[in-house]
>>> print(open('data33.txt').read())   # compact mmCIF, C-alpha atoms
# COMPACT_ATOMS: atom_id res chain seq x y z
CA MET A 1 6.35 -35.53 -14.73
CA THR A 2 3.55 -37.64 -16.13
CA GLU A 3 3.49 -41.28 -15.06
CA GLN A 4 3.75 -42.43 -18.68
CA ALA A 5 6.83 -40.34 -19.44
CA SER A 6 8.53 -41.24 -16.18
CA ALA A 7 7.85 -44.97 -16.49
CA GLY A 8 9.09 -45.08 -20.08
CA ALA A 9 12.34 -43.33 -19.23
CA GLU A 10 13.01 -45.43 -16.14
CA ALA A 11 12.78 -48.59 -18.20
CA ASN A 12 15.66 -47.46 -20.42
CA GLN A 13 18.12 -45.88 -18.00
CA ASP A 14 20.26 -47.20 -15.18
CA TRP A 15 21.60 -44.41 -12.99
CA SER A 16 22.89 -46.62 -10.17
CA SER A 17 26.48 -45.69 -11.02
CA ARG A 18 27.92 -42.20 -11.29
CA PRO A 19 29.91 -40.78 -14.22
CA ASP A 20 33.61 -40.27 -13.57
CA THR A 21 34.49 -37.76 -16.30
CA PRO A 22 33.22 -34.28 -17.20
CA ASP A 23 31.87 -35.56 -20.53
CA GLY A 24 30.10 -38.37 -18.70
CA TRP A 25 28.33 -35.88 -16.45
CA VAL A 26 27.22 -33.81 -19.42
CA ARG A 27 25.85 -36.96 -21.08
CA ARG A 28 23.98 -37.73 -17.85
CA ALA A 29 22.53 -34.21 -17.88
CA ARG A 30 21.36 -34.70 -21.45
CA GLU A 31 19.62 -37.91 -20.43
CA VAL A 32 17.84 -35.96 -17.69
CA ALA A 33 16.93 -33.26 -20.21
CA ALA A 34 15.45 -35.84 -22.57
CA ARG A 35 13.17 -37.07 -19.80
CA LEU A 36 12.14 -33.55 -18.86
CA ALA A 37 11.46 -32.53 -22.45
CA VAL A 38 8.84 -35.25 -22.93
CA ASP A 39 6.18 -33.33 -21.01
CA ALA A 40 7.80 -29.95 -20.37
CA VAL A 41 4.91 -28.07 -21.96
CA GLU A 42 2.25 -29.92 -19.96
CA ARG A 43 4.11 -29.42 -16.69
CA ASP A 44 4.60 -25.73 -17.45
CA ARG A 45 0.88 -25.32 -18.08
CA ALA A 46 0.05 -27.12 -14.81
CA GLY A 47 2.51 -25.02 -12.79
CA GLN A 48 2.78 -27.58 -10.01
CA THR A 49 5.58 -27.62 -7.45
CA PRO A 50 8.40 -29.66 -9.09
CA TYR A 51 9.04 -32.22 -6.37
CA GLU A 52 9.41 -35.05 -8.90
CA GLU A 53 11.72 -33.04 -11.10
CA VAL A 54 14.07 -32.29 -8.20
CA GLY A 55 13.86 -35.97 -7.27
CA LEU A 56 15.03 -36.75 -10.80
CA LEU A 57 18.04 -34.46 -10.38
CA LYS A 58 18.92 -36.29 -7.17
CA GLU A 59 18.41 -39.72 -8.73
CA ALA A 60 20.75 -38.82 -11.58
CA GLY A 61 23.41 -37.55 -9.18
CA LEU A 62 23.43 -34.04 -10.57
CA VAL A 63 22.61 -32.41 -7.22
CA THR A 64 26.00 -33.46 -5.78
CA LEU A 65 28.03 -32.74 -8.92
CA LEU A 66 30.23 -30.18 -7.11
CA GLY A 67 30.38 -32.20 -3.87
CA PRO A 68 33.64 -33.79 -2.71
CA ALA A 69 34.25 -37.24 -4.21
CA GLU A 70 35.24 -38.64 -0.81
CA HIS A 71 31.67 -38.03 0.39
CA GLY A 72 30.05 -39.49 -2.72
CA GLY A 73 29.93 -36.33 -4.80
CA GLY A 74 30.97 -35.80 -8.39
CA GLY A 75 34.05 -33.77 -7.48
CA GLN A 76 33.60 -31.68 -10.62
CA ASP A 77 34.50 -28.08 -11.36
CA TRP A 78 32.36 -25.10 -12.36
CA THR A 79 33.07 -25.55 -16.07
CA THR A 80 31.33 -28.92 -15.92
CA ALA A 81 28.56 -27.49 -13.73
CA TYR A 82 27.85 -24.76 -16.28
CA ARG A 83 27.70 -27.31 -19.11
CA VAL A 84 25.36 -29.48 -17.04
CA ILE A 85 23.07 -26.49 -16.35
CA ARG A 86 23.02 -25.75 -20.08
CA ALA A 87 22.17 -29.34 -20.93
CA VAL A 88 19.34 -29.64 -18.39
CA ALA A 89 17.86 -26.28 -19.39
CA ALA A 90 17.57 -27.47 -22.98
CA GLY A 91 14.98 -29.96 -21.72
CA ASP A 92 13.28 -27.67 -19.19
CA GLY A 93 14.41 -24.12 -18.51
CA SER A 94 12.81 -23.98 -15.07
CA ILE A 95 14.66 -27.05 -13.85
CA GLY A 96 17.90 -25.76 -15.37
CA GLN A 97 17.46 -22.58 -13.33
CA LEU A 98 16.71 -24.49 -10.14
CA LEU A 99 19.82 -26.62 -10.61
CA GLY A 100 21.99 -23.59 -11.35
CA TYR A 101 20.79 -21.69 -8.28
CA HIS A 102 21.32 -24.85 -6.23
CA TYR A 103 24.95 -25.02 -7.35
CA LEU A 104 25.52 -21.38 -6.41
CA TRP A 105 24.01 -21.75 -2.95
CA ALA A 106 25.74 -25.07 -2.36
CA TRP A 107 28.99 -23.19 -3.09
CA ALA A 108 28.09 -20.41 -0.65
CA ALA A 109 30.10 -22.01 2.13
CA ARG A 110 33.25 -21.97 -0.02
CA LEU A 111 32.67 -18.32 -0.78
CA VAL A 112 32.37 -17.01 2.76
CA ALA A 113 32.72 -19.76 5.39
CA THR A 114 35.68 -20.88 7.49
CA PRO A 115 37.56 -24.04 6.46
CA GLU A 116 35.88 -25.99 9.26
CA GLN A 117 32.42 -24.80 8.24
CA ILE A 118 33.13 -25.61 4.57
CA ALA A 119 34.16 -29.18 5.42
CA ALA A 120 31.09 -29.77 7.60
CA VAL A 121 28.59 -28.27 5.14
CA GLU A 122 29.98 -30.06 2.10
CA GLN A 123 30.03 -33.42 3.85
CA ALA A 124 26.46 -33.07 5.09
CA ALA A 125 25.15 -31.63 1.81
CA THR A 126 26.75 -34.35 -0.29
CA GLU A 127 25.94 -37.33 1.90
CA ASN A 128 22.33 -36.21 2.39
CA GLN A 129 21.81 -34.88 -1.17
CA TRP A 130 20.63 -31.53 0.06
CA PHE A 131 18.87 -29.38 -2.51
CA PHE A 132 19.55 -25.70 -1.82
CA GLY A 133 17.26 -22.70 -2.10
CA GLY A 134 18.00 -19.09 -1.25
CA ALA A 135 16.07 -16.19 0.27
CA VAL A 136 18.59 -13.52 -0.69
CA ASN A 137 16.87 -10.95 -2.90
CA PRO A 138 19.01 -7.79 -2.61
CA ARG A 139 16.32 -5.46 -3.98
CA ASP A 140 14.31 -6.05 -0.79
CA ASP A 141 15.24 -4.81 2.67
CA ASP A 142 17.76 -7.00 4.44
CA LEU A 143 16.48 -9.57 6.87
CA LEU A 144 17.01 -8.25 10.38
CA ILE A 145 19.13 -10.34 12.71
CA ARG A 146 18.93 -9.87 16.45
CA GLU A 147 21.12 -11.65 18.96
CA GLU A 148 19.16 -13.52 21.59
CA ASP A 149 20.53 -15.92 24.22
CA GLY A 150 23.75 -16.34 22.26
CA GLU A 151 21.96 -17.16 19.01
CA LEU A 152 21.12 -15.24 15.86
CA VAL A 153 17.42 -14.78 15.08
CA TYR A 154 16.47 -13.92 11.46
CA SER A 155 13.21 -12.13 10.63
CA GLY A 156 11.81 -10.33 7.59
CA SER A 157 10.41 -11.05 4.15
CA LYS A 158 11.62 -11.52 0.59
CA THR A 159 9.68 -10.93 -2.63
CA PHE A 160 11.53 -13.75 -4.40
CA SER A 161 13.02 -16.92 -2.97
CA THR A 162 14.00 -19.38 -5.69
CA GLY A 163 13.84 -23.05 -4.71
CA GLY A 164 11.15 -22.53 -2.10
CA LYS A 165 9.25 -25.66 -1.19
CA VAL A 166 11.48 -28.05 -3.14
CA SER A 167 14.62 -27.17 -1.16
CA ASP A 168 16.01 -29.12 1.78
CA VAL A 169 17.99 -26.16 3.07
CA THR A 170 17.70 -22.41 2.51
CA VAL A 171 20.46 -19.82 2.48
CA LEU A 172 19.55 -16.73 4.51
CA GLU A 173 21.35 -13.40 4.56
CA GLY A 174 20.67 -10.50 6.86
CA ILE A 175 22.19 -7.62 8.78
CA LEU A 176 22.93 -7.80 12.49
CA GLU A 177 20.87 -5.30 14.46
CA GLY A 178 22.84 -2.20 15.42
CA THR A 179 25.73 -2.99 13.05
CA GLU A 180 26.55 -3.08 9.34
CA ASP A 181 27.53 -6.77 9.53
CA HIS A 182 25.95 -9.03 6.92
CA ILE A 183 25.67 -12.68 7.94
CA PHE A 184 24.94 -15.71 5.77
CA ALA A 185 23.60 -18.94 7.23
CA ILE A 186 22.30 -22.25 5.87
CA VAL A 187 19.16 -23.45 7.65
CA PRO A 188 16.66 -26.31 7.25
CA THR A 189 13.80 -25.26 4.99
CA ASP A 190 11.15 -27.35 6.72
CA GLN A 191 10.54 -25.31 9.86
CA ASP A 192 7.79 -23.07 11.24
CA GLY A 193 9.91 -19.96 10.83
CA ILE A 194 9.99 -20.18 7.02
CA ARG A 195 6.76 -19.75 5.09
CA PHE A 196 6.44 -19.69 1.30
CA ALA A 197 3.44 -17.88 -0.17
CA GLY A 198 3.29 -19.96 -3.35
CA ASP A 199 2.58 -16.78 -5.32
CA TRP A 200 4.98 -17.27 -8.25
CA ASP A 201 2.62 -16.99 -11.26
CA ASN A 202 4.66 -15.41 -14.02
CA LEU A 203 4.95 -15.54 -17.79
CA GLY A 204 7.83 -18.03 -17.80
CA GLN A 205 10.14 -20.10 -15.60
CA ARG A 206 6.93 -21.19 -13.94
CA LEU A 207 8.35 -24.19 -12.09
CA THR A 208 11.15 -22.44 -10.23
CA GLU A 209 9.30 -21.86 -6.94
CA SER A 210 10.44 -18.25 -7.01
CA GLY A 211 7.64 -16.70 -5.00
CA SER A 212 7.77 -14.66 -1.81
CA ALA A 213 8.84 -15.90 1.59
CA VAL A 214 8.41 -14.81 5.19
CA ILE A 215 11.25 -15.48 7.62
CA ASP A 216 9.95 -15.30 11.16
CA GLY A 217 12.23 -16.03 14.06
CA VAL A 218 14.62 -18.52 12.43
CA ARG A 219 17.28 -19.29 15.00
CA VAL A 220 20.90 -19.94 14.05
CA PRO A 221 23.82 -20.65 16.41
CA TRP A 222 26.84 -18.39 16.02
CA ALA A 223 28.81 -21.45 14.94
CA SER A 224 26.70 -21.55 11.76
CA ALA A 225 27.28 -17.88 10.86
CA ALA A 226 29.30 -18.33 7.68
CA GLY A 227 32.85 -17.02 7.97
CA TYR A 228 32.55 -15.68 11.50
CA VAL A 229 35.04 -16.67 14.18
CA ALA A 230 34.94 -16.02 17.91
CA THR A 231 37.41 -13.42 19.20
CA GLU A 232 37.90 -11.64 22.52
CA GLU A 233 35.95 -8.69 21.11
CA GLY A 234 33.12 -10.88 19.83
CA HIS A 235 32.45 -12.64 16.56
CA LYS A 236 34.37 -11.28 13.59
CA PHE A 237 34.31 -11.83 9.81
CA VAL A 238 37.56 -11.59 7.83
CA PRO A 239 36.78 -10.45 4.26
CA ARG A 240 38.62 -11.45 1.10
CA VAL A 241 38.07 -10.73 -2.60
CA TYR A 242 36.75 -14.26 -3.18
CA ASN A 243 33.74 -13.44 -0.96
CA THR A 244 32.40 -11.27 -3.78
CA LEU A 245 32.49 -13.98 -6.44
CA ASN A 246 28.88 -15.01 -5.74
CA VAL A 247 27.57 -12.47 -8.26
CA PRO A 248 29.84 -13.40 -11.20
CA LEU A 249 29.16 -17.07 -10.48
CA ILE A 250 25.38 -16.69 -10.59
CA GLN A 251 25.41 -14.27 -13.54
CA LEU A 252 27.19 -17.01 -15.48
CA VAL A 253 24.59 -19.48 -14.20
CA PHE A 254 21.97 -17.21 -15.80
CA THR A 255 23.97 -17.12 -19.03
CA ASN A 256 24.15 -20.88 -19.27
CA PHE A 257 20.51 -21.68 -18.65
CA TYR A 258 19.59 -19.00 -21.20
CA LEU A 259 21.85 -20.79 -23.67
CA GLY A 260 20.30 -24.13 -22.74
CA ILE A 261 16.79 -22.80 -23.29
CA ALA A 262 17.88 -21.38 -26.65
CA GLU A 263 19.34 -24.75 -27.61
CA GLY A 264 16.08 -26.43 -26.68
CA ALA A 265 14.17 -23.94 -28.81
CA LEU A 266 16.38 -24.39 -31.85
CA SER A 267 16.48 -28.18 -31.60
CA THR A 268 12.73 -28.48 -31.05
CA ALA A 269 12.00 -26.16 -33.95
CA ALA A 270 14.41 -28.00 -36.25
CA ALA A 271 12.70 -31.30 -35.48
CA TYR A 272 9.33 -29.73 -36.27
CA THR A 273 10.66 -28.27 -39.53
CA ARG A 274 12.06 -31.63 -40.62
CA GLU A 275 8.87 -33.49 -39.82
CA LYS A 276 5.99 -31.08 -40.43
CA THR A 277 6.85 -27.75 -42.05
CA ARG A 278 5.55 -27.60 -45.62
CA ALA A 279 7.19 -25.85 -48.55
CA TRP A 280 5.52 -22.71 -49.85
CA PRO A 281 3.60 -23.76 -52.98
CA TYR A 282 3.69 -20.34 -54.65
CA ALA A 283 7.46 -19.82 -54.65
CA GLY A 284 9.28 -19.39 -57.95
CA ASP A 285 11.56 -22.32 -57.09
CA LYS A 286 9.03 -24.57 -55.38
CA LYS A 287 10.53 -27.24 -53.12
CA GLU A 288 9.12 -30.59 -52.06
CA ARG A 289 9.94 -30.11 -48.40
CA GLY A 290 9.98 -27.10 -46.09
CA LEU A 291 13.52 -27.83 -44.95
CA ASP A 292 14.74 -27.39 -48.55
CA GLU A 293 13.51 -23.80 -48.71
CA PHE A 294 16.43 -21.36 -49.00
CA TYR A 295 15.06 -18.91 -46.44
CA VAL A 296 14.55 -21.74 -43.94
CA GLN A 297 18.13 -22.94 -44.34
CA GLU A 298 19.46 -19.40 -44.11
CA ALA A 299 17.54 -18.71 -40.90
CA TYR A 300 18.69 -21.89 -39.16
CA GLY A 301 22.26 -21.21 -40.25
CA ASP A 302 22.12 -17.68 -38.85
CA LEU A 303 20.57 -18.75 -35.55
CA ARG A 304 22.87 -21.71 -35.04
CA SER A 305 25.93 -19.55 -35.71
CA LYS A 306 24.81 -16.95 -33.16
CA LEU A 307 24.16 -19.63 -30.55
CA TRP A 308 27.58 -21.24 -31.11
CA ALA A 309 29.21 -17.83 -30.73
CA ALA A 310 27.35 -17.13 -27.49
CA GLU A 311 28.32 -20.56 -26.13
CA ALA A 312 31.98 -19.92 -26.97
CA LEU A 313 31.94 -16.67 -25.00
CA ALA A 314 30.31 -18.46 -22.06
CA GLU A 315 33.08 -21.07 -22.16
CA ARG A 316 35.70 -18.30 -22.12
CA ALA A 317 34.01 -16.80 -19.08
CA ALA A 318 34.00 -20.18 -17.33
CA SER A 319 37.74 -20.51 -17.89
CA LEU A 320 38.26 -17.25 -15.99
CA ILE A 321 36.18 -18.61 -13.10
CA GLU A 322 38.36 -21.72 -13.01
CA ALA A 323 41.52 -19.61 -12.92
CA ILE A 324 40.14 -17.73 -9.91
CA ASN A 325 39.04 -20.90 -8.12
CA ALA A 326 42.56 -22.27 -8.48
CA HIS A 327 43.83 -19.66 -5.99
CA ALA A 328 40.74 -18.45 -4.15
CA ASP A 329 42.65 -17.12 -1.14
CA THR A 330 44.86 -14.82 -3.21
CA VAL A 331 42.58 -13.68 -6.04
CA THR A 332 43.01 -10.00 -6.84
CA PRO A 333 40.29 -7.39 -7.48
CA GLU A 334 41.61 -7.09 -11.04
CA GLU A 335 41.14 -10.82 -11.72
CA ARG A 336 37.67 -10.69 -10.26
CA GLY A 337 36.79 -7.61 -12.32
CA GLU A 338 38.10 -9.07 -15.58
CA ALA A 339 35.98 -12.18 -15.07
CA ALA A 340 32.93 -10.05 -14.26
CA VAL A 341 33.20 -7.98 -17.44
CA VAL A 342 33.54 -11.06 -19.67
CA ILE A 343 30.56 -12.63 -17.89
CA ALA A 344 28.59 -9.43 -18.53
CA ALA A 345 29.42 -9.75 -22.22
CA ALA A 346 28.47 -13.44 -22.25
CA LYS A 347 25.17 -12.76 -20.51
CA GLN A 348 24.03 -10.05 -22.90
CA THR A 349 25.05 -12.17 -25.89
CA ALA A 350 23.11 -15.15 -24.56
CA ILE A 351 20.01 -13.03 -23.99
CA ASP A 352 20.17 -11.53 -27.46
CA ALA A 353 20.64 -14.91 -29.14
CA GLY A 354 18.00 -16.59 -27.01
CA LEU A 355 15.29 -14.00 -27.57
CA GLU A 356 15.97 -13.92 -31.30
CA ILE A 357 15.84 -17.70 -31.54
CA GLY A 358 12.66 -17.83 -29.45
CA THR A 359 10.98 -15.44 -31.88
CA ARG A 360 12.34 -16.43 -35.29
CA ILE A 361 11.69 -20.16 -34.93
CA PHE A 362 8.05 -19.41 -35.71
CA GLU A 363 9.08 -17.98 -39.08
CA VAL A 364 10.69 -21.28 -40.12
CA THR A 365 8.19 -23.71 -38.61
CA GLY A 366 4.98 -22.24 -40.00
CA ALA A 367 1.53 -21.22 -38.83
CA ARG A 368 0.59 -24.64 -37.49
CA ALA A 369 3.57 -24.49 -35.11
CA SER A 370 1.82 -21.73 -33.18
CA ALA A 371 -0.65 -24.25 -31.76
CA ASN A 372 -0.59 -24.38 -27.97
CA ALA A 373 -0.09 -28.13 -28.11
CA VAL A 374 3.26 -27.62 -29.86
CA GLY A 375 4.47 -25.32 -27.09
CA LEU A 376 7.17 -23.40 -28.95
CA ASP A 377 6.17 -20.32 -26.96
CA LEU A 378 7.66 -21.86 -23.82
CA PHE A 379 11.25 -21.07 -24.78
CA TRP A 380 10.72 -17.38 -25.47
CA ARG A 381 8.58 -16.99 -22.34
CA ASN A 382 11.26 -18.55 -20.19
CA ILE A 383 14.14 -16.39 -21.44
CA ARG A 384 12.03 -13.25 -21.59
CA THR A 385 10.97 -13.68 -17.97
CA HIS A 386 14.32 -14.34 -16.36
CA SER A 387 16.33 -11.96 -18.55
CA LEU A 388 14.48 -9.17 -16.70
CA HIS A 389 16.20 -10.23 -13.46
CA ASP A 390 18.51 -7.23 -13.74
CA PRO A 391 18.58 -4.77 -16.67
CA VAL A 392 20.77 -6.05 -19.49
CA ALA A 393 21.47 -2.42 -20.43
CA HIS A 394 23.66 -2.17 -17.36
CA LYS A 395 25.64 -5.22 -18.50
CA ARG A 396 26.18 -3.62 -21.90
CA ALA A 397 27.33 -0.42 -20.18
CA GLU A 398 29.79 -2.36 -17.99
CA VAL A 399 31.37 -3.82 -21.10
CA GLY A 400 31.26 -0.41 -22.78
CA ARG A 401 33.10 1.30 -19.93
CA TYR A 402 35.74 -1.41 -20.07
CA ALA A 403 36.10 -0.99 -23.83
CA LEU A 404 36.41 2.79 -23.55
CA THR A 405 38.44 3.30 -20.40
CA GLY A 406 39.49 -0.11 -19.08
CA GLU A 407 37.20 0.34 -16.07
CA LEU A 408 36.33 -2.92 -14.31
CA PRO A 409 32.98 -3.50 -12.54
CA GLU A 410 33.07 -2.85 -8.80
CA PRO A 411 31.54 -5.61 -6.65
CA THR A 412 27.85 -5.00 -5.89
CA TRP A 413 24.88 -7.27 -5.45
CA TYR A 414 24.50 -7.28 -9.26
CA THR A 415 28.07 -7.01 -10.60
>>> encode(input="data33.txt", output="structure tokens")
Amino acid sequence: MTEQASAGAEANQDWSSRPDTPDGWVRRAREVAARLAVDAVERDRAGQTPYEEVGLLKEAGLVTLLGPAEHGGGGQDWTTAYRVIRAVAAGDGSIGQLLGYHYLWAWAARLVATPEQIAAVEQAATENQWFFGGAVNPRDDDLLIREEDGELVYSGSKTFSTGGKVSDVTVLEGILEGTEDHIFAIVPTDQDGIRFAGDWDNLGQRLTESGSAVIDGVRVPWASAAGYVATEEGHKFVPRVYNTLNVPLIQLVFTNFYLGIAEGALSTAAAYTREKTRAWPYAGDKKERGLDEFYVQEAYGDLRSKLWAAEALAERAASLIEAINAHADTVTPEERGEAAVVIAAAKQTAIDAGLEIGTRIFEVTGARASANAVGLDLFWRNIRTHSLHDPVAHKRAEVGRYALTGELPEPTWYT
């Protein structure tokens, strides 16, 4: 952030205490978003590694939102986390994405680890305010894990690794040599065995540190292999349905930062329309102000209604996640599948609303709003870029199969 923006915000906000209610955390997130929005366009253009922005998330306490309260965390649930992601993304879509991915990877221990591992990771992550990144791109070959002197050694490369240089720890996933066993581990990011290329130079979401990474000889003790326990036959992982919730969780992360970006677009455009958009002087019912034009009012009404509807579907999806989290050890494949199909519907709805808002705001702000200094292009670029993560057509088809036959999505790396 620029020194001027940062100094001005610091003078008006005291974040020494932490909120103690879900609404309080969302208000805190909106305060963070307001600071980010001040120079979001300039920072996007510069494309610099967002060390200060992640520092802001830590300062505000958002990084430990899901951490146990007894260790200084917020002790909040995923419904609050999704609302916080949405709020932050309204100020800066890149930082909303980083925070959302952080929450998913910080939850990785709960998804696959043993109770002892979960307790140790959550205490350390919360007390030390770890910011998580992940080198787990399933479209690439798995990292190869070889066993050497009683340790696991990860090697390979990933095309995308969100969080990169700004993370304190990185989640790795690979396959043990000579087996079909996949093993997750959380490792320190700052080590010789992890190298980030710094080659993320895309249309949007430019501050997410999502470039390629090389993993070269990262050593992990068996005790840190998530979910594995020592047996007489060797180390063994005991699967459960909850292990597969990582994909629904992160697909709903996507949904919520898309919605946040769309909210930022609509709010920014509305402010511009109120302050600068001029009425068309050649209309049959000439108005004094642009905001009094019928077509302007109709467009904002249509876009706002679509965004509210998409948000409501995202909230419904979050309620299904909460129901699953309430009995993680006994969740059924049917419960998991029903949540996944509603999340698929929420994601496609958010993409549709976000892309439409990102385009149509230019129609109701006017030609002068296309100036680079205004930066309205940022919102469309951000949603357009990340919505290509996995084809939305497949999400529509998942919902279609459910509507036609009741078929639920089978767990994969993308469903």
>>> closest_residue(input="data33.txt", among="A:Ala397, A:Val374, A:Glu127, A:Gln13", to="Ala271 of chain A", atoms="all atoms listed in the file")
A:Val374
>>> residues_near_point(input="data33.txt", point="(5.0, -24.4, -32.3)", cutoff="10 Å", atoms="only C-alpha atoms", output="PDB file with C-alpha atoms, in the coordinates of the input")
ATOM      1  CA  ALA A 265      14.170 -23.940 -28.810  1.00  0.00           C
ATOM      2  CA  THR A 268      12.730 -28.480 -31.050  1.00  0.00           C
ATOM      3  CA  ALA A 269      12.000 -26.160 -33.950  1.00  0.00           C
ATOM      4  CA  TYR A 272       9.330 -29.730 -36.270  1.00  0.00           C
ATOM      5  CA  THR A 273      10.660 -28.270 -39.530  1.00  0.00           C
ATOM      6  CA  ILE A 361      11.690 -20.160 -34.930  1.00  0.00           C
ATOM      7  CA  PHE A 362       8.050 -19.410 -35.710  1.00  0.00           C
ATOM      8  CA  THR A 365       8.190 -23.710 -38.610  1.00  0.00           C
ATOM      9  CA  GLY A 366       4.980 -22.240 -40.000  1.00  0.00           C
ATOM     10  CA  ALA A 367       1.530 -21.220 -38.830  1.00  0.00           C
ATOM     11  CA  ARG A 368       0.590 -24.640 -37.490  1.00  0.00           C
ATOM     12  CA  ALA A 369       3.570 -24.490 -35.110  1.00  0.00           C
ATOM     13  CA  SER A 370       1.820 -21.730 -33.180  1.00  0.00           C
ATOM     14  CA  ALA A 371      -0.650 -24.250 -31.760  1.00  0.00           C
ATOM     15  CA  ASN A 372      -0.590 -24.380 -27.970  1.00  0.00           C
ATOM     16  CA  ALA A 373      -0.090 -28.130 -28.110  1.00  0.00           C
ATOM     17  CA  VAL A 374       3.260 -27.620 -29.860  1.00  0.00           C
ATOM     18  CA  GLY A 375       4.470 -25.320 -27.090  1.00  0.00           C
ATOM     19  CA  LEU A 376       7.170 -23.400 -28.950  1.00  0.00           C
ATOM     20  CA  ASP A 377       6.170 -20.320 -26.960  1.00  0.00           C
ATOM     21  CA  LEU A 378       7.660 -21.860 -23.820  1.00  0.00           C
TER      22      LEU A 378
END
>>> closest_residue(input="data33.txt", among="A:Asp39, A:Glu263, A:Asp192, A:Glu311", to="Ala346 of chain A", atoms="all atoms listed in the file")
A:Glu311
>>> residues_around(input="data33.txt", residues="segment 22-37 of chain A", least_positions_apart="5", cutoff="10 Å", atoms="all atoms listed in the file", output="PDB file with C-alpha atoms, keeping the file's coordinate frame")
ATOM      1  CA  MET A   1       6.350 -35.530 -14.730  1.00  0.00           C
ATOM      2  CA  THR A   2       3.550 -37.640 -16.130  1.00  0.00           C
ATOM      3  CA  ALA A   5       6.830 -40.340 -19.440  1.00  0.00           C
ATOM      4  CA  SER A   6       8.530 -41.240 -16.180  1.00  0.00           C
ATOM      5  CA  GLY A   8       9.090 -45.080 -20.080  1.00  0.00           C
ATOM      6  CA  ALA A   9      12.340 -43.330 -19.230  1.00  0.00           C
ATOM      7  CA  GLU A  10      13.010 -45.430 -16.140  1.00  0.00           C
ATOM      8  CA  GLN A  13      18.120 -45.880 -18.000  1.00  0.00           C
ATOM      9  CA  TRP A  15      21.600 -44.410 -12.990  1.00  0.00           C
ATOM     10  CA  GLU A  42       2.250 -29.920 -19.960  1.00  0.00           C
ATOM     11  CA  ARG A  43       4.110 -29.420 -16.690  1.00  0.00           C
ATOM     12  CA  GLU A  53      11.720 -33.040 -11.100  1.00  0.00           C
ATOM     13  CA  LEU A  56      15.030 -36.750 -10.800  1.00  0.00           C
ATOM     14  CA  LEU A  57      18.040 -34.460 -10.380  1.00  0.00           C
ATOM     15  CA  GLU A  59      18.410 -39.720  -8.730  1.00  0.00           C
ATOM     16  CA  ALA A  60      20.750 -38.820 -11.580  1.00  0.00           C
ATOM     17  CA  GLY A  61      23.410 -37.550  -9.180  1.00  0.00           C
ATOM     18  CA  LEU A  62      23.430 -34.040 -10.570  1.00  0.00           C
ATOM     19  CA  LEU A  65      28.030 -32.740  -8.920  1.00  0.00           C
ATOM     20  CA  GLY A  74      30.970 -35.800  -8.390  1.00  0.00           C
ATOM     21  CA  GLY A  75      34.050 -33.770  -7.480  1.00  0.00           C
ATOM     22  CA  GLN A  76      33.600 -31.680 -10.620  1.00  0.00           C
ATOM     23  CA  ASP A  77      34.500 -28.080 -11.360  1.00  0.00           C
ATOM     24  CA  THR A  79      33.070 -25.550 -16.070  1.00  0.00           C
ATOM     25  CA  THR A  80      31.330 -28.920 -15.920  1.00  0.00           C
ATOM     26  CA  ALA A  81      28.560 -27.490 -13.730  1.00  0.00           C
ATOM     27  CA  TYR A  82      27.850 -24.760 -16.280  1.00  0.00           C
ATOM     28  CA  ARG A  83      27.700 -27.310 -19.110  1.00  0.00           C
ATOM     29  CA  VAL A  84      25.360 -29.480 -17.040  1.00  0.00           C
ATOM     30  CA  ILE A  85      23.070 -26.490 -16.350  1.00  0.00           C
ATOM     31  CA  ARG A  86      23.020 -25.750 -20.080  1.00  0.00           C
ATOM     32  CA  ALA A  87      22.170 -29.340 -20.930  1.00  0.00           C
ATOM     33  CA  VAL A  88      19.340 -29.640 -18.390  1.00  0.00           C
ATOM     34  CA  ALA A  89      17.860 -26.280 -19.390  1.00  0.00           C
ATOM     35  CA  ALA A  90      17.570 -27.470 -22.980  1.00  0.00           C
ATOM     36  CA  GLY A  91      14.980 -29.960 -21.720  1.00  0.00           C
ATOM     37  CA  ASP A  92      13.280 -27.670 -19.190  1.00  0.00           C
ATOM     38  CA  GLY A  93      14.410 -24.120 -18.510  1.00  0.00           C
ATOM     39  CA  ILE A  95      14.660 -27.050 -13.850  1.00  0.00           C
ATOM     40  CA  GLY A  96      17.900 -25.760 -15.370  1.00  0.00           C
ATOM     41  CA  GLY A 264      16.080 -26.430 -26.680  1.00  0.00           C
ATOM     42  CA  THR A 268      12.730 -28.480 -31.050  1.00  0.00           C
TER      43      THR A 268
END
>>> atom_distance(input="data33.txt", atom1="atom CA of Pro138 of chain A", atom2="atom CA of Trp413 of chain A")
6.5 Å
>>> atom_distance(input="data33.txt", atom1="atom CA of Ile118 of chain A", atom2="atom CA of Gly227 of chain A")
9.2 Å
>>> residues_around(input="data33.txt", residues="Asn382 of chain A", least_positions_apart="6", cutoff="9 Å", atoms="all atoms listed in the file", output="ChimeraX atom specification")
/A:93-94,203-206,258,261
>>> write_last_selection(input="data33.txt", atoms="C-alpha atoms", output="PDB file, in the frame of the given file")
ATOM      1  CA  GLY A  93      14.410 -24.120 -18.510  1.00  0.00           C
ATOM      2  CA  SER A  94      12.810 -23.980 -15.070  1.00  0.00           C
ATOM      3  CA  LEU A 203       4.950 -15.540 -17.790  1.00  0.00           C
ATOM      4  CA  GLY A 204       7.830 -18.030 -17.800  1.00  0.00           C
ATOM      5  CA  GLN A 205      10.140 -20.100 -15.600  1.00  0.00           C
ATOM      6  CA  ARG A 206       6.930 -21.190 -13.940  1.00  0.00           C
ATOM      7  CA  TYR A 258      19.590 -19.000 -21.200  1.00  0.00           C
ATOM      8  CA  ILE A 261      16.790 -22.800 -23.290  1.00  0.00           C
TER       9      ILE A 261
END
